[in-house]
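One file, data.txt, is given below (compact mmCIF, C-alpha atoms).
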```
# COMPACT_ATOMS: atom_id res chain seq x y z
CA ASN A 1 2.04 16.66 -12.34
CA ALA A 2 3.84 16.04 -9.08
CA GLY A 3 3.16 12.78 -7.31
CA VAL A 4 1.94 12.29 -3.78
CA MET A 5 4.17 14.18 -1.38
CA GLN A 6 4.84 13.17 2.18
CA ASN A 7 6.90 14.91 4.79
CA PRO A 8 8.94 14.47 6.70
CA ARG A 9 10.52 11.39 5.15
CA HIS A 10 12.06 10.41 8.46
CA LEU A 11 10.84 11.40 11.89
CA VAL A 12 12.38 10.57 15.24
CA ARG A 13 10.41 11.07 18.43
CA ARG A 14 10.88 10.14 22.05
CA ARG A 15 8.20 8.27 23.92
CA GLY A 16 5.39 10.59 24.97
CA GLN A 17 5.95 13.17 22.24
CA GLU A 18 3.60 13.93 19.38
CA ALA A 19 4.18 12.98 15.75
CA ARG A 20 2.61 14.84 12.83
CA LEU A 21 2.80 13.32 9.39
CA ARG A 22 1.77 15.29 6.32
CA CYS A 23 0.48 14.17 2.97
CA SER A 24 -0.21 16.29 -0.09
CA PRO A 25 -2.25 14.35 -2.65
CA MET A 26 -1.76 14.52 -6.37
CA LYS A 27 -3.36 17.47 -8.09
CA GLY A 28 -7.05 16.85 -8.69
CA HIS A 29 -7.23 14.02 -6.15
CA SER A 30 -9.76 14.46 -3.38
CA HIS A 31 -9.44 11.08 -1.69
CA VAL A 32 -6.64 10.26 0.74
CA TYR A 33 -5.81 6.96 2.39
CA TRP A 34 -3.31 6.29 5.18
CA TYR A 35 -1.61 2.91 5.63
CA ARG A 36 0.88 1.66 8.19
CA GLN A 37 3.65 -0.80 7.48
CA LEU A 38 5.13 -2.46 10.53
CA PRO A 39 8.55 -4.13 10.19
CA GLU A 40 8.35 -7.20 7.94
CA GLU A 41 4.61 -6.80 7.54
CA GLY A 42 2.36 -5.74 4.72
CA LEU A 43 0.54 -2.45 4.66
CA LYS A 44 -2.50 -2.14 6.87
CA PHE A 45 -5.29 0.30 6.11
CA MET A 46 -5.80 2.96 8.75
CA VAL A 47 -8.15 5.66 7.49
CA TYR A 48 -9.83 6.99 4.37
CA LEU A 49 -10.66 10.66 4.04
CA GLN A 50 -12.21 13.02 1.57
CA LYS A 51 -11.98 16.77 1.88
CA GLU A 52 -13.18 17.71 5.39
CA ASN A 53 -14.68 14.26 5.97
CA ILE A 54 -13.51 11.00 7.50
CA ILE A 55 -15.15 8.25 5.47
CA ASP A 56 -13.71 5.16 7.11
CA GLU A 57 -11.44 5.03 10.15
CA SER A 58 -11.94 1.36 10.93
CA GLY A 59 -8.19 0.69 10.84
CA MET A 60 -7.21 3.46 13.23
CA PRO A 61 -6.25 2.63 16.80
CA LYS A 62 -8.96 3.93 19.10
CA GLU A 63 -6.67 6.12 21.15
CA ARG A 64 -3.88 8.60 20.39
CA PHE A 65 -4.35 8.53 16.58
CA SER A 66 -6.31 11.07 14.57
CA ALA A 67 -6.44 12.20 10.96
CA GLU A 68 -7.78 15.16 9.06
CA PHE A 69 -7.97 16.40 5.51
CA PRO A 70 -8.94 20.07 5.61
CA LYS A 71 -10.43 22.07 2.77
CA GLU A 72 -7.07 23.72 2.24
CA GLY A 73 -3.70 22.15 2.86
CA PRO A 74 -2.36 18.64 3.30
CA SER A 75 -3.84 15.70 5.11
CA ILE A 76 -2.39 15.24 8.60
CA LEU A 77 -1.97 12.01 10.54
CA ARG A 78 -1.39 12.84 14.19
CA ILE A 79 -0.09 10.45 16.81
CA GLN A 80 -0.15 11.69 20.38
CA GLN A 81 2.04 10.35 23.19
CA VAL A 82 3.94 8.03 20.89
CA VAL A 83 5.14 4.63 22.10
CA ARG A 84 7.84 2.35 20.68
CA GLY A 85 5.19 0.20 19.01
CA ASP A 86 4.25 3.16 16.80
CA SER A 87 7.60 2.86 15.01
CA ALA A 88 6.68 2.03 11.42
CA ALA A 89 6.50 3.40 7.90
CA TYR A 90 3.35 5.40 7.27
CA PHE A 91 2.22 5.65 3.68
CA CYS A 92 -0.31 7.98 2.19
CA ALA A 93 -2.12 7.31 -1.07
CA SER A 94 -4.48 9.46 -3.08
CA SER A 95 -7.06 8.81 -5.76
CA PRO A 96 -9.30 10.94 -7.95
CA PRO A 97 -13.00 11.46 -7.26
CA SER A 98 -14.93 8.23 -7.56
CA SER A 99 -16.40 7.37 -10.95
CA GLY A 100 -17.72 3.96 -9.91
CA GLY A 101 -15.63 0.83 -9.54
CA TYR A 102 -12.00 0.94 -8.47
CA ASN A 103 -10.06 4.19 -8.47
CA GLU A 104 -6.32 3.61 -8.62
CA GLN A 105 -4.41 4.76 -5.58
CA PHE A 106 -1.06 6.49 -6.01
CA PHE A 107 1.34 6.14 -3.12
CA GLY A 108 3.72 8.59 -1.59
CA PRO A 109 7.27 7.69 -0.51
CA GLY A 110 6.24 7.24 3.11
CA THR A 111 7.30 8.67 6.46
CA ARG A 112 9.48 6.43 8.57
CA LEU A 113 8.74 7.07 12.22
CA THR A 114 11.18 5.93 14.86
CA VAL A 115 10.24 6.19 18.51
CA LEU A 116 13.15 6.11 20.91
CA GLY B 1 -13.62 -10.13 5.64
CA ASN B 2 -11.11 -9.72 2.84
CA SER B 3 -7.63 -11.20 3.06
CA VAL B 4 -4.60 -11.86 0.86
CA THR B 5 -2.05 -14.61 1.36
CA GLN B 6 1.22 -14.67 -0.52
CA MET B 7 4.24 -16.88 -0.34
CA GLU B 8 6.88 -16.01 2.17
CA GLY B 9 10.28 -14.89 1.07
CA PRO B 10 12.91 -14.18 0.46
CA VAL B 11 12.88 -15.65 -3.00
CA THR B 12 16.45 -15.88 -4.24
CA LEU B 13 17.09 -16.31 -7.96
CA SER B 14 19.90 -15.97 -10.44
CA GLU B 15 19.57 -13.49 -13.27
CA GLU B 16 17.45 -14.78 -16.19
CA ALA B 17 15.67 -17.35 -14.00
CA PHE B 18 11.89 -17.81 -14.09
CA LEU B 19 9.92 -16.17 -11.31
CA THR B 20 6.64 -17.19 -9.68
CA ILE B 21 5.25 -15.54 -6.57
CA ASN B 22 2.03 -17.14 -5.41
CA CYS B 23 -0.94 -15.11 -4.22
CA THR B 24 -4.39 -16.27 -3.13
CA TYR B 25 -7.23 -14.21 -1.80
CA THR B 26 -10.48 -14.35 0.13
CA ALA B 27 -13.12 -11.77 -0.66
CA THR B 28 -16.82 -11.26 -1.01
CA GLY B 29 -18.04 -10.39 -4.45
CA TYR B 30 -15.66 -9.74 -7.30
CA PRO B 31 -12.65 -7.69 -6.24
CA SER B 32 -9.97 -6.07 -8.35
CA LEU B 33 -6.51 -7.56 -7.89
CA PHE B 34 -3.12 -5.86 -7.93
CA TRP B 35 0.59 -6.37 -7.65
CA TYR B 36 2.61 -3.53 -6.16
CA VAL B 37 6.40 -3.32 -6.01
CA GLN B 38 8.43 -1.55 -3.35
CA TYR B 39 12.08 -0.78 -4.00
CA PRO B 40 14.34 -0.18 -0.99
CA GLY B 41 13.52 3.06 0.80
CA GLU B 42 10.70 3.94 -1.55
CA GLY B 43 6.92 3.88 -1.62
CA LEU B 44 4.76 1.40 -3.47
CA GLN B 45 4.36 1.47 -7.22
CA LEU B 46 1.53 -0.25 -9.03
CA LEU B 47 3.04 -3.00 -11.17
CA LEU B 48 -0.08 -4.49 -12.75
CA LYS B 49 -3.76 -5.07 -12.14
CA ALA B 50 -6.78 -7.11 -13.23
CA THR B 51 -10.34 -6.07 -12.58
CA LYS B 52 -12.32 -9.18 -13.52
CA ALA B 53 -12.02 -12.94 -13.80
CA ASP B 54 -9.68 -14.25 -16.51
CA ASP B 55 -8.13 -10.81 -17.06
CA LYS B 56 -4.37 -10.84 -17.42
CA GLY B 57 -2.41 -7.90 -16.12
CA SER B 58 1.06 -7.30 -17.55
CA ASN B 59 3.84 -4.74 -17.26
CA LYS B 60 7.63 -4.73 -17.64
CA GLY B 61 7.66 -8.44 -18.45
CA PHE B 62 5.61 -9.37 -15.39
CA GLU B 63 2.24 -11.07 -15.77
CA ALA B 64 -0.58 -12.25 -13.53
CA THR B 65 -3.94 -13.82 -14.40
CA TYR B 66 -7.07 -13.38 -12.31
CA ARG B 67 -8.28 -16.94 -11.58
CA LYS B 68 -11.62 -16.86 -9.85
CA GLU B 69 -11.95 -20.64 -9.65
CA THR B 70 -8.76 -20.92 -7.60
CA THR B 71 -8.99 -17.40 -6.08
CA SER B 72 -5.43 -16.78 -7.19
CA PHE B 73 -3.37 -14.07 -8.85
CA HIS B 74 0.15 -15.46 -9.15
CA LEU B 75 2.92 -13.16 -10.40
CA GLU B 76 5.27 -14.49 -13.08
CA LYS B 77 8.22 -13.28 -15.10
CA GLY B 78 10.11 -15.32 -17.62
CA SER B 79 13.57 -13.87 -17.04
CA VAL B 80 14.36 -11.79 -13.99
CA GLN B 81 17.01 -9.09 -13.77
CA VAL B 82 19.07 -7.82 -10.86
CA SER B 83 17.04 -4.61 -11.03
CA ASP B 84 13.87 -6.60 -10.20
CA SER B 85 15.13 -7.09 -6.65
CA ALA B 86 12.42 -5.57 -4.47
CA VAL B 87 9.47 -6.48 -2.26
CA TYR B 88 6.30 -7.46 -4.11
CA PHE B 89 2.85 -7.05 -2.59
CA CYS B 90 -0.34 -8.67 -3.76
CA ALA B 91 -3.49 -6.69 -2.95
CA LEU B 92 -7.20 -6.56 -3.56
CA SER B 93 -9.89 -3.93 -3.56
CA PRO B 94 -13.64 -4.32 -3.69
CA ASN B 95 -15.30 -3.19 -6.90
CA SER B 96 -18.21 -1.72 -5.03
CA GLY B 97 -18.13 1.01 -2.48
CA TYR B 98 -14.80 2.69 -1.99
CA SER B 99 -11.40 1.41 -2.88
CA THR B 100 -9.53 0.50 0.30
CA LEU B 101 -6.71 -1.91 -0.44
CA THR B 102 -6.06 -5.11 1.48
CA PHE B 103 -2.44 -6.22 1.17
CA GLY B 104 -0.55 -9.44 1.60
CA LYS B 105 2.57 -9.43 3.77
CA GLY B 106 4.90 -9.01 0.83
CA THR B 107 7.52 -11.24 -0.75
CA MET B 108 11.11 -10.11 -1.02
CA LEU B 109 12.84 -11.01 -4.29
CA LEU B 110 16.61 -11.08 -4.46
CA VAL B 111 18.21 -11.54 -7.88
CA SER B 112 21.93 -12.18 -8.11
CA PRO B 113 24.09 -11.67 -11.21
```

Any chance you could put this one into structure tokens?
Amino acid sequence: NAGVMQNPRHLVRRRGQEARLRCSPMKGHSHVYWYRQLPEEGLKFMVYLQKENIIDESGMPKERFSAEFPKEGPSILRIQQVVRGDSAAYFCASSPPSSGGYNEQFFGPGTRLTVL
Amino acid sequence: GNSVTQMEGPVTLSEEAFLTINCTYTATGYPSLFWYVQYPGEGLQLLLKATKADDKGSNKGFEATYRKETTSFHLEKGSVQVSDSAVYFCALSPNSGYSTLTFGKGTMLLVSP
């Protein structure tokens, strides 16, 4: 069973361009979480999605950021008109359908975004 | 809201030394507690967890005990190895609702031969 896949692993963009980050959850997992890790900081929650639904986006910046998890295909985190402050590592995690209590999250290797 | 505070690093130790990384938390209710490890250039791996008070999580020689009275979950290892060099994150998740993780800032551990 393959783990959580993220691509690209490294992404370089110039200011004003768009960045698209992809996350394929583990097989059988229907919950996806996105976290951002700024330099020398811990991970900060951004958004939690289930198939075709955004459950909690309380950690997402109000502008330029969006996320989706379609019925088919990977989850996408999209950043429009990137700025230097968006440079960070973006991690995706997935978990199985909820059975009550905590469901362990499995993390991908991350996408390191650099904005020039 | 929920928060996690862990000791700042880097923590520098010689091989076979005893390790403690302190972690305290603030949360409503009774969260689950975790330690994750991040090796250079990689994603996070779950190291150990505890889901209720007085539980002890353990893995690969690492241990942590869920102390509700002191709201702590300190990570310990009796004898560290060079291969333990990594960044360690303490985290919590509520046991009700969905399972968003709240992380501490991370503590870098450097072990020299």

Worksheet item: Given the choices B:Ser112, B:Ser14, B:Gln45, B:Gln6, which gets closest to Gly3 (chain A) if the distance is worked out from all atoms listed in the file?
Response: B:Gln45

Residue list as an mmCIF file with C-alpha atoms, in the coordinates of the input for point (-6.2, -0.9, -7.5), cut-off 7 Å, all atoms listed in the file:
```cif
data_model
loop_
_atom_site.group_PDB
_atom_site.id
_atom_site.type_symbol
_atom_site.label_atom_id
_atom_site.label_comp_id
_atom_site.auth_asym_id
_atom_site.auth_seq_id
_atom_site.Cartn_x
_atom_site.Cartn_y
_atom_site.Cartn_z
ATOM 1 C CA TYR A 102 -12.000 0.940 -8.470
ATOM 2 C CA ASN A 103 -10.060 4.190 -8.470
ATOM 3 C CA GLU A 104 -6.320 3.610 -8.620
ATOM 4 C CA GLN A 105 -4.410 4.760 -5.580
ATOM 5 C CA SER B 32 -9.970 -6.070 -8.350
ATOM 6 C CA LEU B 33 -6.510 -7.560 -7.890
ATOM 7 C CA PHE B 34 -3.120 -5.860 -7.930
ATOM 8 C CA LYS B 49 -3.760 -5.070 -12.140
ATOM 9 C CA LEU B 92 -7.200 -6.560 -3.560
ATOM 10 C CA SER B 93 -9.890 -3.930 -3.560
#
```

Worksheet item: What separation in Å, quoted to one decimal, exists between CA of Arg22 (chain A) and CA of Val87 (chain B)?
Response: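 Distance reported for this atom pair: 24.6 Å.
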
Practice prompt. Give the residues of chain A that lie within 12 Å of chain B; count all atoms listed in the file, and format the answer as a ChimeraX atom specification.
Written response: /A:3-6,9-10,31-50,55-59,89-112

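One distance worth recording is that between CA of Thr5 (chain B) and CA of Ala27 (chain B), which is 11.6 Å.
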
Discussion item. I want to know what sits within 9 Å of region 75-87 of chain A, based on only C-alpha atoms, with residues of the same chain fewer than 2 positions away left out; could you give that as a PyMOL selection string?
Written reply: chain A and resi 13-25+32+34+38-39+49+51+63-70+73+89+92+112-116

Worksheet item: Which residues, written as a list of chain:residue names, have at least one atom at most 6 Å from region 66-76 of chain B, with all atoms listed in the file counted and residues fewer than 5 positions away on the same chain left out?
Response: B:Leu19, B:Thr20, B:Ile21, B:Asn22, B:Cys23, B:Thr24, B:Tyr25, B:Ala53, B:Asp54, B:Asp55

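Here CA of Gly57 (chain B) is placed at a distance of 17.1 Å from CA of Ser79 (chain B).
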
Any chance you could build region 24-35 of chain B out to all heavy atoms and write it as a PDB file, keeping the file's coordinate frame?
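The file below, selection_11.pdb, is the result:
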```
ATOM      1  N   THR B  24      -2.985 -15.872  -3.164  1.00  0.00           N
ATOM      2  CA  THR B  24      -4.390 -16.270  -3.130  1.00  0.00           C
ATOM      3  C   THR B  24      -5.152 -15.273  -2.278  1.00  0.00           C
ATOM      4  O   THR B  24      -4.580 -14.579  -1.439  1.00  0.00           O
ATOM      5  CB  THR B  24      -4.566 -17.686  -2.560  1.00  0.00           C
ATOM      6  OG1 THR B  24      -3.994 -17.733  -1.252  1.00  0.00           O
ATOM      7  CG2 THR B  24      -3.902 -18.730  -3.445  1.00  0.00           C
ATOM      8  N   TYR B  25      -6.443 -15.218  -2.489  1.00  0.00           N
ATOM      9  CA  TYR B  25      -7.230 -14.210  -1.800  1.00  0.00           C
ATOM     10  C   TYR B  25      -8.549 -14.780  -1.308  1.00  0.00           C
ATOM     11  O   TYR B  25      -9.030 -15.803  -1.791  1.00  0.00           O
ATOM     12  CB  TYR B  25      -7.485 -13.000  -2.710  1.00  0.00           C
ATOM     13  CG  TYR B  25      -8.407 -13.304  -3.873  1.00  0.00           C
ATOM     14  CD1 TYR B  25      -9.782 -13.146  -3.763  1.00  0.00           C
ATOM     15  CD2 TYR B  25      -7.889 -13.764  -5.082  1.00  0.00           C
ATOM     16  CE1 TYR B  25     -10.620 -13.441  -4.820  1.00  0.00           C
ATOM     17  CE2 TYR B  25      -8.724 -14.068  -6.145  1.00  0.00           C
ATOM     18  CZ  TYR B  25     -10.084 -13.910  -6.008  1.00  0.00           C
ATOM     19  OH  TYR B  25     -10.911 -14.207  -7.060  1.00  0.00           O
ATOM     20  N   THR B  26      -9.125 -14.090  -0.347  1.00  0.00           N
ATOM     21  CA  THR B  26     -10.480 -14.350   0.130  1.00  0.00           C
ATOM     22  C   THR B  26     -11.216 -13.027   0.095  1.00  0.00           C
ATOM     23  O   THR B  26     -10.730 -12.020   0.632  1.00  0.00           O
ATOM     24  CB  THR B  26     -10.468 -14.890   1.573  1.00  0.00           C
ATOM     25  OG1 THR B  26      -9.690 -16.083   1.619  1.00  0.00           O
ATOM     26  CG2 THR B  26     -11.879 -15.174   2.059  1.00  0.00           C
ATOM     27  N   ALA B  27     -12.367 -13.017  -0.562  1.00  0.00           N
ATOM     28  CA  ALA B  27     -13.120 -11.770  -0.660  1.00  0.00           C
ATOM     29  C   ALA B  27     -14.569 -12.081  -0.985  1.00  0.00           C
ATOM     30  O   ALA B  27     -14.883 -13.109  -1.576  1.00  0.00           O
ATOM     31  CB  ALA B  27     -12.530 -10.871  -1.758  1.00  0.00           C
ATOM     32  N   THR B  28     -15.423 -11.171  -0.594  1.00  0.00           N
ATOM     33  CA  THR B  28     -16.820 -11.260  -1.010  1.00  0.00           C
ATOM     34  C   THR B  28     -16.973 -10.523  -2.330  1.00  0.00           C
ATOM     35  O   THR B  28     -16.291  -9.535  -2.584  1.00  0.00           O
ATOM     36  CB  THR B  28     -17.741 -10.628   0.047  1.00  0.00           C
ATOM     37  OG1 THR B  28     -17.284  -9.300   0.322  1.00  0.00           O
ATOM     38  CG2 THR B  28     -17.710 -11.423   1.335  1.00  0.00           C
ATOM     39  N   GLY B  29     -17.829 -11.045  -3.167  1.00  0.00           N
ATOM     40  CA  GLY B  29     -18.040 -10.390  -4.450  1.00  0.00           C
ATOM     41  C   GLY B  29     -16.878 -10.607  -5.399  1.00  0.00           C
ATOM     42  O   GLY B  29     -16.182 -11.625  -5.356  1.00  0.00           O
ATOM     43  N   TYR B  30     -16.654  -9.622  -6.242  1.00  0.00           N
ATOM     44  CA  TYR B  30     -15.660  -9.740  -7.300  1.00  0.00           C
ATOM     45  C   TYR B  30     -14.669  -8.578  -7.191  1.00  0.00           C
ATOM     46  O   TYR B  30     -14.870  -7.530  -7.792  1.00  0.00           O
ATOM     47  CB  TYR B  30     -16.362  -9.723  -8.663  1.00  0.00           C
ATOM     48  CG  TYR B  30     -17.413 -10.803  -8.774  1.00  0.00           C
ATOM     49  CD1 TYR B  30     -18.746 -10.542  -8.470  1.00  0.00           C
ATOM     50  CD2 TYR B  30     -17.053 -12.089  -9.138  1.00  0.00           C
ATOM     51  CE1 TYR B  30     -19.705 -11.539  -8.545  1.00  0.00           C
ATOM     52  CE2 TYR B  30     -18.001 -13.095  -9.211  1.00  0.00           C
ATOM     53  CZ  TYR B  30     -19.327 -12.821  -8.909  1.00  0.00           C
ATOM     54  OH  TYR B  30     -20.262 -13.808  -8.978  1.00  0.00           O
ATOM     55  N   PRO B  31     -13.597  -8.791  -6.448  1.00  0.00           N
ATOM     56  CA  PRO B  31     -12.650  -7.690  -6.240  1.00  0.00           C
ATOM     57  C   PRO B  31     -11.771  -7.436  -7.454  1.00  0.00           C
ATOM     58  O   PRO B  31     -11.703  -8.262  -8.368  1.00  0.00           O
ATOM     59  CB  PRO B  31     -11.804  -8.194  -5.069  1.00  0.00           C
ATOM     60  CG  PRO B  31     -11.797  -9.681  -5.250  1.00  0.00           C
ATOM     61  CD  PRO B  31     -13.187 -10.018  -5.758  1.00  0.00           C
ATOM     62  N   SER B  32     -11.099  -6.315  -7.450  1.00  0.00           N
ATOM     63  CA  SER B  32      -9.970  -6.070  -8.350  1.00  0.00           C
ATOM     64  C   SER B  32      -8.705  -6.543  -7.657  1.00  0.00           C
ATOM     65  O   SER B  32      -8.595  -6.477  -6.427  1.00  0.00           O
ATOM     66  CB  SER B  32      -9.857  -4.589  -8.690  1.00  0.00           C
ATOM     67  OG  SER B  32     -10.935  -4.167  -9.496  1.00  0.00           O
ATOM     68  N   LEU B  33      -7.746  -7.007  -8.443  1.00  0.00           N
ATOM     69  CA  LEU B  33      -6.510  -7.560  -7.890  1.00  0.00           C
ATOM     70  C   LEU B  33      -5.305  -6.803  -8.427  1.00  0.00           C
ATOM     71  O   LEU B  33      -5.308  -6.354  -9.579  1.00  0.00           O
ATOM     72  CB  LEU B  33      -6.395  -9.047  -8.242  1.00  0.00           C
ATOM     73  CG  LEU B  33      -7.540  -9.930  -7.756  1.00  0.00           C
ATOM     74  CD1 LEU B  33      -7.375 -11.353  -8.292  1.00  0.00           C
ATOM     75  CD2 LEU B  33      -7.605  -9.951  -6.230  1.00  0.00           C
ATOM     76  N   PHE B  34      -4.270  -6.699  -7.593  1.00  0.00           N
ATOM     77  CA  PHE B  34      -3.120  -5.860  -7.930  1.00  0.00           C
ATOM     78  C   PHE B  34      -1.820  -6.514  -7.464  1.00  0.00           C
ATOM     79  O   PHE B  34      -1.794  -7.266  -6.498  1.00  0.00           O
ATOM     80  CB  PHE B  34      -3.216  -4.498  -7.220  1.00  0.00           C
ATOM     81  CG  PHE B  34      -4.522  -3.810  -7.414  1.00  0.00           C
ATOM     82  CD1 PHE B  34      -5.594  -4.069  -6.579  1.00  0.00           C
ATOM     83  CD2 PHE B  34      -4.688  -2.903  -8.442  1.00  0.00           C
ATOM     84  CE1 PHE B  34      -6.808  -3.448  -6.755  1.00  0.00           C
ATOM     85  CE2 PHE B  34      -5.904  -2.261  -8.631  1.00  0.00           C
ATOM     86  CZ  PHE B  34      -6.964  -2.544  -7.781  1.00  0.00           C
ATOM     87  N   TRP B  35      -0.759  -6.162  -8.152  1.00  0.00           N
ATOM     88  CA  TRP B  35       0.590  -6.370  -7.650  1.00  0.00           C
ATOM     89  C   TRP B  35       1.270  -5.010  -7.567  1.00  0.00           C
ATOM     90  O   TRP B  35       1.281  -4.254  -8.546  1.00  0.00           O
ATOM     91  CB  TRP B  35       1.396  -7.301  -8.547  1.00  0.00           C
ATOM     92  CG  TRP B  35       1.116  -8.742  -8.299  1.00  0.00           C
ATOM     93  CD1 TRP B  35       0.296  -9.569  -9.000  1.00  0.00           C
ATOM     94  CD2 TRP B  35       1.660  -9.536  -7.237  1.00  0.00           C
ATOM     95  NE1 TRP B  35       0.288 -10.821  -8.453  1.00  0.00           N
ATOM     96  CE2 TRP B  35       1.122 -10.841  -7.371  1.00  0.00           C
ATOM     97  CE3 TRP B  35       2.562  -9.288  -6.194  1.00  0.00           C
ATOM     98  CZ2 TRP B  35       1.451 -11.888  -6.495  1.00  0.00           C
ATOM     99  CZ3 TRP B  35       2.887 -10.310  -5.332  1.00  0.00           C
ATOM    100  CH2 TRP B  35       2.336 -11.598  -5.484  1.00  0.00           C
TER     101      TRP B  35
END
```
